[in-house]
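J.: This is protein17.cif (mmCIF, C-alpha atoms).
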data_upload
loop_
_atom_site.group_PDB
_atom_site.id
_atom_site.type_symbol
_atom_site.label_atom_id
_atom_site.label_comp_id
_atom_site.auth_asym_id
_atom_site.auth_seq_id
_atom_site.Cartn_x
_atom_site.Cartn_y
_atom_site.Cartn_z
ATOM 1 C CA GLN A 89 30.212 -107.549 -40.347
ATOM 2 C CA VAL A 90 30.509 -104.705 -42.805
ATOM 3 C CA GLN A 91 27.421 -102.548 -43.047
ATOM 4 C CA LEU A 92 26.357 -99.337 -44.681
ATOM 5 C CA VAL A 93 22.976 -98.119 -43.477
ATOM 6 C CA GLU A 94 21.307 -95.133 -45.076
ATOM 7 C CA SER A 95 18.633 -92.980 -43.475
ATOM 8 C CA GLY A 96 16.951 -89.633 -43.942
ATOM 9 C CA GLY A 97 14.956 -90.230 -47.086
ATOM 10 C CA GLY A 98 11.325 -89.261 -47.406
ATOM 11 C CA LEU A 99 8.771 -87.156 -49.209
ATOM 12 C CA VAL A 100 9.514 -83.483 -49.788
ATOM 13 C CA GLN A 101 8.048 -80.755 -51.947
ATOM 14 C CA ALA A 102 10.013 -79.361 -54.837
ATOM 15 C CA GLY A 103 12.350 -76.684 -53.561
ATOM 16 C CA GLY A 104 12.677 -78.374 -50.194
ATOM 17 C CA SER A 105 15.630 -80.008 -48.478
ATOM 18 C CA LEU A 106 16.620 -83.375 -47.076
ATOM 19 C CA ARG A 107 19.712 -84.644 -45.340
ATOM 20 C CA LEU A 108 20.716 -88.225 -45.967
ATOM 21 C CA SER A 109 22.984 -90.080 -43.578
ATOM 22 C CA CYS A 110 25.047 -93.220 -44.036
ATOM 23 C CA ALA A 111 26.346 -95.117 -41.022
ATOM 24 C CA ALA A 112 29.345 -97.285 -41.833
ATOM 25 C CA SER A 113 30.587 -100.115 -39.635
ATOM 26 C CA GLY A 114 32.743 -103.204 -39.687
ATOM 27 C CA ARG A 115 35.924 -101.834 -41.223
ATOM 28 C CA THR A 116 37.761 -98.743 -42.371
ATOM 29 C CA PHE A 117 36.842 -97.218 -45.694
ATOM 30 C CA ASN A 118 38.630 -94.815 -47.977
ATOM 31 C CA ALA A 119 36.425 -92.822 -50.335
ATOM 32 C CA MET A 120 32.671 -92.768 -49.864
ATOM 33 C CA ALA A 121 29.993 -91.813 -52.340
ATOM 34 C CA TRP A 122 26.301 -91.454 -52.976
ATOM 35 C CA PHE A 123 24.639 -92.920 -56.040
ATOM 36 C CA ARG A 124 20.979 -92.904 -56.992
ATOM 37 C CA GLN A 125 18.665 -94.959 -59.138
ATOM 38 C CA ALA A 126 15.288 -93.901 -60.448
ATOM 39 C CA PRO A 127 12.764 -96.407 -61.870
ATOM 40 C CA GLY A 128 13.788 -97.562 -65.336
ATOM 41 C CA ARG A 129 17.155 -95.854 -65.148
ATOM 42 C CA GLU A 130 20.674 -96.972 -64.403
ATOM 43 C CA ARG A 131 22.314 -96.231 -61.088
ATOM 44 C CA GLU A 132 24.150 -92.930 -61.378
ATOM 45 C CA PHE A 133 26.830 -91.122 -59.428
ATOM 46 C CA VAL A 134 25.668 -88.216 -57.288
ATOM 47 C CA ALA A 135 28.580 -87.185 -55.083
ATOM 48 C CA GLY A 136 31.829 -88.572 -53.722
ATOM 49 C CA ILE A 137 34.289 -87.631 -50.998
ATOM 50 C CA SER A 138 37.846 -88.665 -50.209
ATOM 51 C CA TRP A 139 38.833 -90.053 -46.814
ATOM 52 C CA SER A 140 40.046 -86.720 -45.501
ATOM 53 C CA GLY A 141 37.133 -84.826 -47.032
ATOM 54 C CA GLY A 142 39.561 -82.683 -48.958
ATOM 55 C CA ASN A 143 38.344 -83.866 -52.350
ATOM 56 C CA THR A 144 34.711 -83.880 -53.353
ATOM 57 C CA PHE A 145 33.056 -84.455 -56.704
ATOM 58 C CA TYR A 146 29.505 -83.923 -57.828
ATOM 59 C CA ALA A 147 27.375 -84.852 -60.778
ATOM 60 C CA ASP A 148 26.618 -81.771 -62.869
ATOM 61 C CA SER A 149 22.927 -82.226 -62.183
ATOM 62 C CA VAL A 150 23.354 -81.690 -58.435
ATOM 63 C CA LYS A 151 26.286 -79.296 -58.307
ATOM 64 C CA ASP A 152 25.589 -76.219 -56.181
ATOM 65 C CA ARG A 153 22.525 -77.874 -54.663
ATOM 66 C CA PHE A 154 23.937 -80.943 -52.890
ATOM 67 C CA THR A 155 26.800 -81.152 -50.407
ATOM 68 C CA ILE A 156 28.579 -84.322 -49.334
ATOM 69 C CA SER A 157 30.456 -84.474 -46.045
ATOM 70 C CA ARG A 158 31.812 -87.052 -43.649
ATOM 71 C CA ASP A 159 32.694 -87.473 -40.006
ATOM 72 C CA ASN A 160 35.336 -90.175 -39.711
ATOM 73 C CA ALA A 161 35.202 -90.170 -35.927
ATOM 74 C CA LYS A 162 31.568 -91.228 -36.159
ATOM 75 C CA ASN A 163 31.935 -93.306 -39.337
ATOM 76 C CA MET A 164 29.232 -91.238 -40.972
ATOM 77 C CA VAL A 165 28.730 -89.764 -44.425
ATOM 78 C CA TYR A 166 26.076 -87.193 -45.193
ATOM 79 C CA LEU A 167 24.382 -85.760 -48.243
ATOM 80 C CA GLN A 168 22.692 -82.414 -47.761
ATOM 81 C CA MET A 169 20.206 -81.909 -50.578
ATOM 82 C CA ASN A 170 18.756 -78.465 -51.162
ATOM 83 C CA SER A 171 16.468 -77.044 -53.827
ATOM 84 C CA LEU A 172 15.183 -80.507 -54.615
ATOM 85 C CA LYS A 173 13.568 -81.119 -57.976
ATOM 86 C CA PRO A 174 11.159 -83.854 -59.066
ATOM 87 C CA GLU A 175 13.961 -85.344 -61.168
ATOM 88 C CA ASP A 176 15.977 -85.912 -57.984
ATOM 89 C CA ALA A 177 13.482 -88.565 -56.890
ATOM 90 C CA ALA A 178 15.212 -91.940 -56.649
ATOM 91 C CA ILE A 179 16.569 -94.505 -54.272
ATOM 92 C CA TYR A 180 19.815 -93.132 -52.891
ATOM 93 C CA TYR A 181 22.632 -95.541 -52.108
ATOM 94 C CA CYS A 182 25.709 -95.082 -49.989
ATOM 95 C CA ALA A 183 28.885 -96.686 -51.355
ATOM 96 C CA ALA A 184 32.317 -97.269 -49.872
ATOM 97 C CA ASP A 185 35.782 -98.057 -51.185
ATOM 98 C CA ALA A 186 37.840 -100.524 -49.160
ATOM 99 C CA ARG A 187 40.640 -101.339 -51.611
ATOM 100 C CA ARG A 188 42.538 -98.068 -51.607
ATOM 101 C CA LEU A 189 43.218 -97.451 -47.948
ATOM 102 C CA GLY A 190 45.965 -94.924 -47.588
ATOM 103 C CA VAL A 191 45.547 -93.519 -51.083
ATOM 104 C CA SER A 192 45.243 -89.888 -50.195
ATOM 105 C CA GLY A 193 42.674 -87.807 -51.975
ATOM 106 C CA TRP A 194 41.234 -90.631 -54.054
ATOM 107 C CA VAL A 195 37.587 -90.595 -54.999
ATOM 108 C CA SER A 196 35.808 -92.069 -58.009
ATOM 109 C CA MET A 197 32.595 -91.395 -59.880
ATOM 110 C CA THR A 198 32.540 -94.967 -61.189
ATOM 111 C CA PHE A 199 30.089 -97.557 -59.891
ATOM 112 C CA SER A 200 32.590 -100.424 -60.078
ATOM 113 C CA ALA A 201 35.162 -98.614 -57.955
ATOM 114 C CA TYR A 202 33.155 -99.151 -54.788
ATOM 115 C CA ASP A 203 33.179 -102.360 -52.805
ATOM 116 C CA TYR A 204 30.327 -102.013 -50.364
ATOM 117 C CA TRP A 205 26.803 -100.713 -50.765
ATOM 118 C CA GLY A 206 23.914 -99.899 -48.507
ATOM 119 C CA GLN A 207 20.318 -100.956 -49.071
ATOM 120 C CA GLY A 208 19.203 -97.499 -50.130
ATOM 121 C CA THR A 209 16.799 -94.858 -48.916
ATOM 122 C CA GLN A 210 13.895 -93.543 -50.966
ATOM 123 C CA VAL A 211 13.659 -89.872 -51.843
ATOM 124 C CA THR A 212 10.394 -88.645 -53.324
ATOM 125 C CA VAL A 213 9.952 -85.076 -54.547
ATOM 126 C CA SER A 214 6.472 -83.772 -55.270
ATOM 127 C CA SER A 215 5.954 -80.999 -57.785
#
For this file, write the structure as structure tokens.

T.:
Amino acid sequence: QVQLVESGGGLVQAGGSLRLSCAASGRTFNAMAWFRQAPGREREFVAGISWSGGNTFYADSVKDRFTISRDNAKNMVYLQMNSLKPEDAAIYYCAADARRLGVSGWVSMTFSAYDYWGQGTQVTVSS
């Protein structure tokens, strides 16, 4: 059974930090990504990472504040979030690509490019 399980969300003050984790199981994935969705807004790309970790991409709104990483030996993906702002509050989703195994360096910022999704973890930032 394929599963992506996020953890690490919570309530933090503006300027604080959180580290989100995504545990993947059930199969091998290529690129992994984090998306987020705030109430009344569409789900948006936050960060993505290729299988090797050599390629990473970030939304402009989080660049220089968030860092995505992965540990393939543990089947884990992480999102370190620093200098959090109230506008970062959202449900954060882990996403995984399973169609492009072996495609080196591939990562997408597009919602439809990912095949599997976690249930999400809530991040709340107080001002």

J.: Expand the PyMOL selection byres ((chain A and resi 192) around 9) into the individual residues it matches in the shown file, reporting them as a ChimeraX atom specification.

T.: /A:118,138-140,188-191,193-194

J.: Could you state the separation of atom CA of A:Gly103 and atom CA of A:Ala184 in Å, given to one decimal place?

T.: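 Atom CA of A:Ala184 lies at a distance of 28.9 Å from atom CA of A:Gly103.
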
J.: Any chance you could work out the residue set of the PyMOL selection byres ((chain A and resi 212) around 7) here, as a PyMOL selection string?

T.: chain A and resi 98-100+177-178+210-211+213-214

J.: Would you output that residue set with C-alpha atoms, as a PDB file, keeping the file's coordinate frame?

T.:
ATOM      1  CA  GLY A  98      11.325 -89.261 -47.406  1.00  0.00           C
ATOM      2  CA  LEU A  99       8.771 -87.156 -49.209  1.00  0.00           C
ATOM      3  CA  VAL A 100       9.514 -83.483 -49.788  1.00  0.00           C
ATOM      4  CA  ALA A 177      13.482 -88.565 -56.890  1.00  0.00           C
ATOM      5  CA  ALA A 178      15.212 -91.940 -56.649  1.00  0.00           C
ATOM      6  CA  GLN A 210      13.895 -93.543 -50.966  1.00  0.00           C
ATOM      7  CA  VAL A 211      13.659 -89.872 -51.843  1.00  0.00           C
ATOM      8  CA  VAL A 213       9.952 -85.076 -54.547  1.00  0.00           C
ATOM      9  CA  SER A 214       6.472 -83.772 -55.270  1.00  0.00           C
TER      10      SER A 214
END

J.: Going by the chain IDs and residue numbers used in this file, which residues fall under the PyMOL selection byres ((chain A and resi 173) around 9)? Write them as a PyMOL selection string.

T.: chain A and resi 101-104+170-172+174-177+213-215

J.: Per residue of stretch 175-199 of chain A within 9 Å of stretch 110-114 of chain A, what are the shortest atom pair and its distance in Å to one decimal, counting only C-alpha atoms, with rows by chain and residue number, as CSV?

T.:
residue,atom,partner,partner_atom,distance
A:Tyr181,CA,A:Cys110,CA,8.7
A:Cys182,CA,A:Cys110,CA,6.3
A:Ala183,CA,A:Cys110,CA,9.0
A:Ala184,CA,A:Ala112,CA,8.6

J.: Between atom CA of A:Tyr180 and atom CA of A:Gly208, what is the distance in Å, rounded to a tenth?

T.: 5.2 Å

J.: Do a neighbour search on A:Arg107 at 10 Å with all atoms listed in the file, toss out local chain neighbours closer than 5 positions, and write the hits as a list in words.

T.: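 Once the adjacent positions are removed, what remains is Ser95, Gly96, Gly97, Gly98, Phe154, Thr155, Ile156, Tyr166, Leu167, Gln168, Met169 and Asn170 of chain A.
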
J.: Just give me the gap between atom CA of A:Arg153 and atom CA of A:Ala186 in Å, one decimal is fine.

T.: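 Atom CA of A:Ala186 lies at a distance of 27.9 Å from atom CA of A:Arg153.
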
J.: Residues within 7 Å of A:Phe133, please, as JSON, numbers by chain. Count all atoms listed in the file; anything in the same chain fewer than 6 positions from it doesn't count.

T.: {"A": [122, 123, 124, 147, 197]}

J.: For the residues in that selection, give me C-alpha atoms as a PDB file, in the coordinates of the input.

T.:
ATOM      1  CA  TRP A 122      26.301 -91.454 -52.976  1.00  0.00           C
ATOM      2  CA  PHE A 123      24.639 -92.920 -56.040  1.00  0.00           C
ATOM      3  CA  ARG A 124      20.979 -92.904 -56.992  1.00  0.00           C
ATOM      4  CA  ALA A 147      27.375 -84.852 -60.778  1.00  0.00           C
ATOM      5  CA  MET A 197      32.595 -91.395 -59.880  1.00  0.00           C
TER       6      MET A 197
END

J.: Smallest atom-to-atom distance to A:Ala135: which of A:Ala121, A:Leu108, A:Ala161, A:Val90, using only C-alpha atoms?

T.: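 Nearest to A:Ala135: A:Ala121.
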
J.: Which residue is closest to A:Asp203? Choose from A:Glu94, A:Leu106, A:Glu130, A:Met120 and count only C-alpha atoms.

T.: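 Ranking A:Glu94, A:Leu106, A:Glu130, A:Met120 by distance to A:Asp203, first place goes to A:Met120.
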
J.: I'd like to know which of A:Arg187, A:Tyr146, A:Ile137, A:Ile179 is closest to A:Gly206, using all atoms listed in the file.

T.: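 Counting all atoms listed in the file, the residue closest to A:Gly206 is A:Ile179.
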
J.: Out of A:Val93, A:Ala201, A:Val165, A:Ala119, which residue has the shortest atom-to-atom distance to A:Phe145 when counting all atoms listed in the file?

T.: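 That would be A:Ala119, the residue with the smallest distance to A:Phe145.
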
J.: Determine the axis-aligned bounding box of all atoms of stretch 106-119 of chain A present in the file, pad each side by 4 Å, and express its centre and edge lengths in Å to one decimal place as JSON.

T.:
{"center_x": 27.6, "center_y": -93.3, "center_z": -45.0, "size_x": 30.0, "size_y": 27.8, "size_z": 18.7}

J.: Here is a test: counting all atoms listed in the file, which residue of A:Val134, A:Gln89, A:Asp185, A:Asn163 is nearest to A:Asp148?

T.: A:Val134

J.: Taking only C-alpha atoms into account, name the residue in A:Gln91, A:Ser109, A:Ser200, A:Asn143 that is nearest to A:Asp159.

T.: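 Looking at the shortest contact to A:Asp159, the residue is A:Ser109.
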
J.: Identify, on the basis of all atoms listed in the file, every residue whose closest approach to A:Phe199 does not exceed 8 Å; exclude the query and any residue fewer than 3 positions from it along the same chain; express the result as a list in words.

T.: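 Counting all atoms listed in the file, the residues come to Arg131, Glu132, Phe133 and Tyr202 of chain A.
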
J.: Got a sec to write stretch 165-180 of chain A of the block to a file, all heavy atoms, as a JSON list (two decimals), in the first residue's frame?

T.:
[["chain", "number", "residue", "atom", "x", "y", "z"],
["A", 165, "VAL", "N", 11.17, 12.78, 3.24],
["A", 165, "VAL", "CA", 11.37, 14.10, 2.66],
["A", 165, "VAL", "C", 11.06, 15.12, 3.76],
["A", 165, "VAL", "O", 10.13, 14.93, 4.54],
["A", 165, "VAL", "CB", 10.45, 14.34, 1.46],
["A", 165, "VAL", "CG1", 10.62, 15.75, 0.91],
["A", 165, "VAL", "CG2", 10.73, 13.33, 0.37],
["A", 166, "TYR", "N", 11.83, 16.19, 3.77],
["A", 166, "TYR", "CA", 11.69, 17.18, 4.82],
["A", 166, "TYR", "C", 11.50, 18.58, 4.22],
["A", 166, "TYR", "O", 11.95, 18.86, 3.11],
["A", 166, "TYR", "CB", 12.93, 17.19, 5.70],
["A", 166, "TYR", "CG", 13.30, 15.85, 6.26],
["A", 166, "TYR", "CD1", 14.28, 15.07, 5.65],
["A", 166, "TYR", "CD2", 12.65, 15.33, 7.38],
["A", 166, "TYR", "CE1", 14.62, 13.82, 6.15],
["A", 166, "TYR", "CE2", 12.98, 14.09, 7.88],
["A", 166, "TYR", "CZ", 13.96, 13.34, 7.26],
["A", 166, "TYR", "OH", 14.29, 12.10, 7.76],
["A", 167, "LEU", "N", 10.87, 19.42, 4.99],
["A", 167, "LEU", "CA", 10.76, 20.83, 4.62],
["A", 167, "LEU", "C", 11.08, 21.64, 5.87],
["A", 167, "LEU", "O", 10.29, 21.70, 6.81],
["A", 167, "LEU", "CB", 9.37, 21.19, 4.10],
["A", 167, "LEU", "CG", 9.24, 22.61, 3.58],
["A", 167, "LEU", "CD1", 10.05, 22.80, 2.29],
["A", 167, "LEU", "CD2", 7.77, 22.96, 3.31],
["A", 168, "GLN", "N", 12.25, 22.25, 5.87],
["A", 168, "GLN", "CA", 12.64, 23.13, 6.95],
["A", 168, "GLN", "C", 12.12, 24.52, 6.64],
["A", 168, "GLN", "O", 12.46, 25.10, 5.61],
["A", 168, "GLN", "CB", 14.16, 23.16, 7.11],
["A", 168, "GLN", "CG", 14.67, 24.10, 8.18],
["A", 168, "GLN", "CD", 14.26, 23.68, 9.57],
["A", 168, "GLN", "OE1", 14.34, 22.50, 9.92],
["A", 168, "GLN", "NE2", 13.81, 24.62, 10.39],
["A", 169, "MET", "N", 11.31, 25.05, 7.53],
["A", 169, "MET", "CA", 10.69, 26.36, 7.30],
["A", 169, "MET", "C", 11.15, 27.33, 8.37],
["A", 169, "MET", "O", 10.89, 27.13, 9.56],
["A", 169, "MET", "CB", 9.16, 26.22, 7.35],
["A", 169, "MET", "CG", 8.61, 25.18, 6.39],
["A", 169, "MET", "SD", 6.81, 25.16, 6.31],
["A", 169, "MET", "CE", 6.42, 24.65, 7.97],
["A", 170, "ASN", "N", 11.86, 28.36, 7.94],
["A", 170, "ASN", "CA", 12.37, 29.38, 8.83],
["A", 170, "ASN", "C", 11.70, 30.72, 8.55],
["A", 170, "ASN", "O", 11.12, 30.91, 7.48],
["A", 170, "ASN", "CB", 13.88, 29.51, 8.69],
["A", 170, "ASN", "CG", 14.62, 28.24, 9.04],
["A", 170, "ASN", "OD1", 14.19, 27.45, 9.90],
["A", 170, "ASN", "ND2", 15.74, 28.00, 8.37],
["A", 171, "SER", "N", 11.82, 31.62, 9.49],
["A", 171, "SER", "CA", 11.27, 32.97, 9.32],
["A", 171, "SER", "C", 9.83, 32.93, 8.84],
["A", 171, "SER", "O", 9.44, 33.63, 7.90],
["A", 171, "SER", "CB", 12.13, 33.77, 8.32],
["A", 171, "SER", "OG", 13.47, 33.84, 8.76],
["A", 172, "LEU", "N", 9.03, 32.13, 9.50],
["A", 172, "LEU", "CA", 7.65, 31.94, 9.07],
["A", 172, "LEU", "C", 6.84, 33.22, 9.19],
["A", 172, "LEU", "O", 7.03, 34.02, 10.12],
["A", 172, "LEU", "CB", 7.00, 30.82, 9.88],
["A", 172, "LEU", "CG", 7.41, 29.42, 9.42],
["A", 172, "LEU", "CD1", 7.16, 28.39, 10.50],
["A", 172, "LEU", "CD2", 6.66, 29.05, 8.15],
["A", 173, "LYS", "N", 5.94, 33.39, 8.23],
["A", 173, "LYS", "CA", 5.07, 34.55, 8.17],
["A", 173, "LYS", "C", 3.62, 34.09, 8.28],
["A", 173, "LYS", "O", 3.30, 32.95, 7.93],
["A", 173, "LYS", "CB", 5.27, 35.28, 6.84],
["A", 173, "LYS", "CG", 6.69, 35.68, 6.55],
["A", 173, "LYS", "CD", 6.81, 36.29, 5.14],
["A", 173, "LYS", "CE", 8.23, 36.68, 4.82],
["A", 173, "LYS", "NZ", 8.35, 37.26, 3.46],
["A", 174, "PRO", "N", 2.73, 34.98, 8.69],
["A", 174, "PRO", "CA", 1.32, 34.59, 8.77],
["A", 174, "PRO", "C", 0.78, 34.06, 7.43],
["A", 174, "PRO", "O", -0.07, 33.17, 7.41],
["A", 174, "PRO", "CB", 0.64, 35.89, 9.18],
["A", 174, "PRO", "CG", 1.67, 36.61, 9.98],
["A", 174, "PRO", "CD", 2.97, 36.30, 9.30],
["A", 175, "GLU", "N", 1.29, 34.58, 6.34],
["A", 175, "GLU", "CA", 0.82, 34.13, 5.02],
["A", 175, "GLU", "C", 1.32, 32.74, 4.66],
["A", 175, "GLU", "O", 0.91, 32.18, 3.64],
["A", 175, "GLU", "CB", 1.22, 35.13, 3.92],
["A", 175, "GLU", "CG", 2.68, 35.50, 3.89],
["A", 175, "GLU", "CD", 2.96, 36.81, 4.63],
["A", 175, "GLU", "OE1", 2.39, 37.02, 5.74],
["A", 175, "GLU", "OE2", 3.78, 37.60, 4.12],
["A", 176, "ASP", "N", 2.20, 32.16, 5.46],
["A", 176, "ASP", "CA", 2.63, 30.78, 5.24],
["A", 176, "ASP", "C", 1.64, 29.79, 5.84],
["A", 176, "ASP", "O", 1.76, 28.58, 5.60],
["A", 176, "ASP", "CB", 4.00, 30.54, 5.88],
["A", 176, "ASP", "CG", 5.11, 31.31, 5.20],
["A", 176, "ASP", "OD1", 5.12, 31.37, 3.95],
["A", 176, "ASP", "OD2", 5.97, 31.86, 5.92],
["A", 177, "ALA", "N", 0.69, 30.25, 6.61],
["A", 177, "ALA", "CA", -0.29, 29.35, 7.23],
["A", 177, "ALA", "C", -1.11, 28.64, 6.17],
["A", 177, "ALA", "O", -1.65, 29.28, 5.26],
["A", 177, "ALA", "CB", -1.20, 30.15, 8.17],
["A", 178, "ALA", "N", -1.19, 27.33, 6.28],
["A", 178, "ALA", "CA", -1.90, 26.51, 5.29],
["A", 178, "ALA", "C", -1.81, 25.05, 5.72],
["A", 178, "ALA", "O", -1.12, 24.72, 6.68],
["A", 178, "ALA", "CB", -1.27, 26.68, 3.91],
["A", 179, "ILE", "N", -2.51, 24.22, 4.99],
["A", 179, "ILE", "CA", -2.27, 22.78, 5.09],
["A", 179, "ILE", "C", -1.18, 22.44, 4.10],
["A", 179, "ILE", "O", -1.28, 22.81, 2.92],
["A", 179, "ILE", "CB", -3.54, 21.98, 4.80],
["A", 179, "ILE", "CG1", -4.64, 22.33, 5.80],
["A", 179, "ILE", "CG2", -3.24, 20.48, 4.85],
["A", 179, "ILE", "CD1", -5.97, 21.67, 5.51],
["A", 180, "TYR", "N", -0.16, 21.77, 4.57],
["A", 180, "TYR", "CA", 0.98, 21.41, 3.72],
["A", 180, "TYR", "C", 0.87, 19.94, 3.34],
["A", 180, "TYR", "O", 0.69, 19.07, 4.20],
["A", 180, "TYR", "CB", 2.29, 21.68, 4.47],
["A", 180, "TYR", "CG", 2.66, 23.14, 4.46],
["A", 180, "TYR", "CD1", 1.92, 24.07, 5.21],
["A", 180, "TYR", "CD2", 3.72, 23.62, 3.71],
["A", 180, "TYR", "CE1", 2.24, 25.41, 5.20],
["A", 180, "TYR", "CE2", 4.04, 24.96, 3.68],
["A", 180, "TYR", "CZ", 3.30, 25.86, 4.43],
["A", 180, "TYR", "OH", 3.61, 27.19, 4.41]]
